[in-house]
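Coordinates from run.cif are shown below (mmCIF, C-alpha atoms).
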```
data_input
loop_
_atom_site.group_PDB
_atom_site.id
_atom_site.type_symbol
_atom_site.label_atom_id
_atom_site.label_comp_id
_atom_site.auth_asym_id
_atom_site.auth_seq_id
_atom_site.Cartn_x
_atom_site.Cartn_y
_atom_site.Cartn_z
ATOM 1 C CA GLN A 186 0.000 0.000 0.000
ATOM 2 C CA VAL A 187 1.188 3.491 -0.853
ATOM 3 C CA GLN A 188 0.099 6.642 0.925
ATOM 4 C CA VAL A 189 0.081 9.779 -1.176
ATOM 5 C CA VAL A 190 -0.290 13.277 0.294
ATOM 6 C CA GLU A 191 -0.432 16.505 -1.702
ATOM 7 C CA SER A 192 0.324 20.000 -0.458
ATOM 8 C CA GLY A 193 0.954 23.477 -1.794
ATOM 9 C CA GLY A 194 -2.366 24.466 -3.266
ATOM 10 C CA GLY A 195 -3.878 27.896 -2.784
ATOM 11 C CA LEU A 196 -5.185 31.057 -4.378
ATOM 12 C CA VAL A 197 -3.058 32.890 -6.936
ATOM 13 C CA GLN A 198 -3.647 35.610 -9.495
ATOM 14 C CA ALA A 199 -3.515 34.877 -13.193
ATOM 15 C CA GLY A 200 0.072 34.920 -14.395
ATOM 16 C CA GLY A 201 1.379 33.806 -11.030
ATOM 17 C CA SER A 202 3.092 30.631 -9.916
ATOM 18 C CA LEU A 203 2.561 27.822 -7.444
ATOM 19 C CA ARG A 204 4.516 24.701 -6.583
ATOM 20 C CA LEU A 205 2.673 21.587 -5.538
ATOM 21 C CA SER A 206 4.366 18.829 -3.584
ATOM 22 C CA CYS A 207 3.409 15.198 -3.202
ATOM 23 C CA ALA A 208 4.940 12.877 -0.647
ATOM 24 C CA ALA A 209 4.585 9.125 -1.065
ATOM 25 C CA SER A 210 5.295 6.442 1.499
ATOM 26 C CA GLY A 211 4.751 2.739 1.992
ATOM 27 C CA ARG A 212 6.831 1.434 -0.889
ATOM 28 C CA THR A 213 10.201 2.172 -2.411
ATOM 29 C CA PHE A 214 9.588 5.615 -3.868
ATOM 30 C CA SER A 215 12.282 5.242 -6.509
ATOM 31 C CA ARG A 216 10.324 2.373 -8.077
ATOM 32 C CA LEU A 217 7.136 4.402 -8.498
ATOM 33 C CA ALA A 218 5.974 6.387 -11.476
ATOM 34 C CA MET A 219 4.287 9.570 -10.241
ATOM 35 C CA GLY A 220 1.623 11.658 -11.871
ATOM 36 C CA TRP A 221 -0.484 14.773 -11.451
ATOM 37 C CA PHE A 222 -4.104 15.027 -12.464
ATOM 38 C CA ARG A 223 -6.755 17.694 -11.971
ATOM 39 C CA GLN A 224 -10.496 17.965 -11.795
ATOM 40 C CA ALA A 225 -12.420 21.174 -12.312
ATOM 41 C CA PRO A 226 -16.022 21.544 -11.099
ATOM 42 C CA GLY A 227 -18.399 19.667 -13.358
ATOM 43 C CA LYS A 228 -15.603 18.128 -15.392
ATOM 44 C CA ASP A 229 -13.860 14.780 -15.526
ATOM 45 C CA ARG A 230 -10.489 14.245 -13.919
ATOM 46 C CA GLU A 231 -7.769 14.830 -16.483
ATOM 47 C CA PHE A 232 -4.097 14.087 -16.895
ATOM 48 C CA VAL A 233 -1.653 16.937 -16.249
ATOM 49 C CA ALA A 234 1.869 15.492 -16.037
ATOM 50 C CA ALA A 235 3.804 12.364 -15.135
ATOM 51 C CA ILE A 236 7.369 11.298 -14.451
ATOM 52 C CA ASN A 237 8.947 7.871 -14.522
ATOM 53 C CA TRP A 238 10.660 6.195 -11.587
ATOM 54 C CA SER A 239 14.101 7.642 -12.288
ATOM 55 C CA GLY A 240 13.054 11.073 -13.477
ATOM 56 C CA SER A 241 14.545 10.465 -16.911
ATOM 57 C CA SER A 242 11.199 10.688 -18.702
ATOM 58 C CA THR A 243 8.325 13.129 -18.340
ATOM 59 C CA SER A 244 5.015 13.649 -20.088
ATOM 60 C CA TYR A 245 2.636 16.618 -20.156
ATOM 61 C CA ALA A 246 -0.852 17.440 -21.281
ATOM 62 C CA SER A 247 -0.801 19.850 -24.189
ATOM 63 C CA SER A 248 -2.719 22.423 -22.134
ATOM 64 C CA VAL A 249 0.134 22.777 -19.629
ATOM 65 C CA LYS A 250 3.213 22.036 -21.719
ATOM 66 C CA GLY A 251 5.717 24.868 -21.461
ATOM 67 C CA ARG A 252 4.090 26.252 -18.299
ATOM 68 C CA PHE A 253 4.225 23.334 -15.847
ATOM 69 C CA THR A 254 7.235 21.252 -14.858
ATOM 70 C CA ILE A 255 7.150 17.942 -13.026
ATOM 71 C CA SER A 256 10.200 16.792 -11.090
ATOM 72 C CA ARG A 257 11.058 14.384 -8.313
ATOM 73 C CA ASP A 258 13.516 14.021 -5.465
ATOM 74 C CA ASN A 259 13.877 10.345 -4.672
ATOM 75 C CA ALA A 260 15.925 11.119 -1.560
ATOM 76 C CA LYS A 261 12.927 13.004 -0.157
ATOM 77 C CA ASN A 262 10.243 10.656 -1.522
ATOM 78 C CA THR A 263 8.608 13.687 -3.093
ATOM 79 C CA VAL A 264 7.383 14.757 -6.503
ATOM 80 C CA TYR A 265 6.764 18.378 -7.445
ATOM 81 C CA LEU A 266 4.649 20.257 -9.934
ATOM 82 C CA GLN A 267 5.934 23.752 -10.651
ATOM 83 C CA MET A 268 3.121 25.748 -12.222
ATOM 84 C CA ASN A 269 3.964 29.033 -13.942
ATOM 85 C CA SER A 270 1.918 31.480 -15.995
ATOM 86 C CA LEU A 271 -1.232 30.218 -14.348
ATOM 87 C CA LYS A 272 -4.577 30.838 -16.005
ATOM 88 C CA PRO A 273 -8.097 30.871 -14.553
ATOM 89 C CA GLU A 274 -8.779 27.659 -16.492
ATOM 90 C CA ASP A 275 -6.110 25.941 -14.394
ATOM 91 C CA THR A 276 -8.445 26.200 -11.412
ATOM 92 C CA ALA A 277 -9.137 22.689 -10.155
ATOM 93 C CA VAL A 278 -8.454 20.166 -7.449
ATOM 94 C CA TYR A 279 -5.045 18.697 -8.206
ATOM 95 C CA TYR A 280 -4.435 15.051 -7.413
ATOM 96 C CA CYS A 281 -1.186 13.159 -7.124
ATOM 97 C CA ALA A 282 -1.038 9.522 -8.183
ATOM 98 C CA ALA A 283 1.517 6.747 -7.865
ATOM 99 C CA ASP A 284 2.025 3.372 -9.493
ATOM 100 C CA GLY A 285 4.707 0.700 -9.429
ATOM 101 C CA LYS A 286 3.468 -1.818 -11.994
ATOM 102 C CA TYR A 287 5.700 -0.651 -14.833
ATOM 103 C CA TYR A 288 9.016 -0.429 -12.979
ATOM 104 C CA SER A 289 10.216 -3.677 -14.578
ATOM 105 C CA GLY A 290 9.148 -2.714 -18.072
ATOM 106 C CA GLY A 291 6.186 -2.210 -20.344
ATOM 107 C CA THR A 292 4.493 0.820 -21.751
ATOM 108 C CA PHE A 293 2.667 3.010 -19.279
ATOM 109 C CA ASN A 294 -0.065 5.177 -20.767
ATOM 110 C CA TYR A 295 0.181 7.911 -18.159
ATOM 111 C CA ALA A 296 -3.029 9.607 -19.259
ATOM 112 C CA ASP A 297 -5.126 6.516 -18.493
ATOM 113 C CA LEU A 298 -6.465 7.168 -14.998
ATOM 114 C CA SER A 299 -7.480 3.538 -14.539
ATOM 115 C CA LEU A 300 -3.833 2.412 -14.621
ATOM 116 C CA TRP A 301 -2.832 4.379 -11.525
ATOM 117 C CA ASP A 302 -3.189 2.403 -8.310
ATOM 118 C CA TYR A 303 -2.694 5.013 -5.589
ATOM 119 C CA TRP A 304 -4.226 8.458 -5.224
ATOM 120 C CA GLY A 305 -4.019 11.343 -2.828
ATOM 121 C CA GLN A 306 -6.933 13.365 -1.503
ATOM 122 C CA GLY A 307 -6.207 16.373 -3.650
ATOM 123 C CA THR A 308 -5.281 20.016 -3.118
ATOM 124 C CA GLN A 309 -7.267 22.995 -4.377
ATOM 125 C CA VAL A 310 -5.697 25.440 -6.804
ATOM 126 C CA THR A 311 -7.665 28.586 -7.589
ATOM 127 C CA VAL A 312 -6.479 31.101 -10.163
ATOM 128 C CA SER A 313 -8.247 34.452 -10.103
ATOM 129 C CA SER A 314 -8.536 36.666 -13.159
#
```
Translate this structure into structure tokens?
Amino acid sequence: QVQVVESGGGLVQAGGSLRLSCAASGRTFSRLAMGWFRQAPGKDREFVAAINWSGSSTSYASSVKGRFTISRDNAKNTVYLQMNSLKPEDTAVYYCAADGKYYSGGTFNYADLSLWDYWGQGTQVTVSS
């Protein structure tokens, strides 16, 4: 079992920045792929960004590419999402997810929510115009 806890959400003006953090425990963190997803009111949860177990590979949704950066510190068992140039449409609850199934190989479709085994409770990000 993996416990996932997000932090760092808040209220920011359009054009501003926030950094979300996600701490994972319960399994060897360096064997987990980590991802960020978000869900706006009345909308489905959607993929934002993901990073593989070593940090050598990242993936982004087109809507955030060039503005958001995902990174990880395996010594601290933490993954980060640096969000710059925030827009009101980025307002959502942001969720962190973890999965260890693909550490030994295989193709992980990060955007497929059903493939992620562990989820946090979410942190609210509100961007005012």
Picked residues, the PyMOL selection byres ((chain A and resi 190) around 7), expected as a ChimeraX atom specification:
/A:188-189,191-192,207-209,305-306
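The shortest atom-to-atom distance to Asp297 (chain A), with all atoms listed in the file taken into account, belongs to A:Val233 out of A:Val264, A:Val233, A:Ala199, A:Val187.
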A:Val278, A:Ala234, A:Gln224, A:Gly201: which is nearest Val249 (chain A), counting only C-alpha atoms?
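For Val249 (chain A), the nearest of the given residues is A:Ala234.
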Between region 259-281 of chain A and region 235-247 of chain A, at 12 Å or less, what are the per-residue closest atom pairs and their distances in Å? Count only C-alpha atoms, order by chain and rising residue number, and return it as a tab-separated table.
```
residue	atom	partner	partner_atom	distance
A:Asn259	CA	A:Ser239	CA	8.1
A:Ala260	CA	A:Ser239	CA	11.4
A:Asn262	CA	A:Trp238	CA	11.0
A:Thr263	CA	A:Trp238	CA	11.5
A:Val264	CA	A:Ile236	CA	8.7
A:Tyr265	CA	A:Ile236	CA	10.0
A:Leu266	CA	A:Ala235	CA	9.5
A:Tyr280	CA	A:Ala235	CA	11.6
A:Cys281	CA	A:Ala235	CA	9.5
```
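Nearest to Ser210 (chain A) of all the residues A:Thr254, A:Leu271, A:Gln198, A:Ala282 is A:Ala282, based on all atoms listed in the file.
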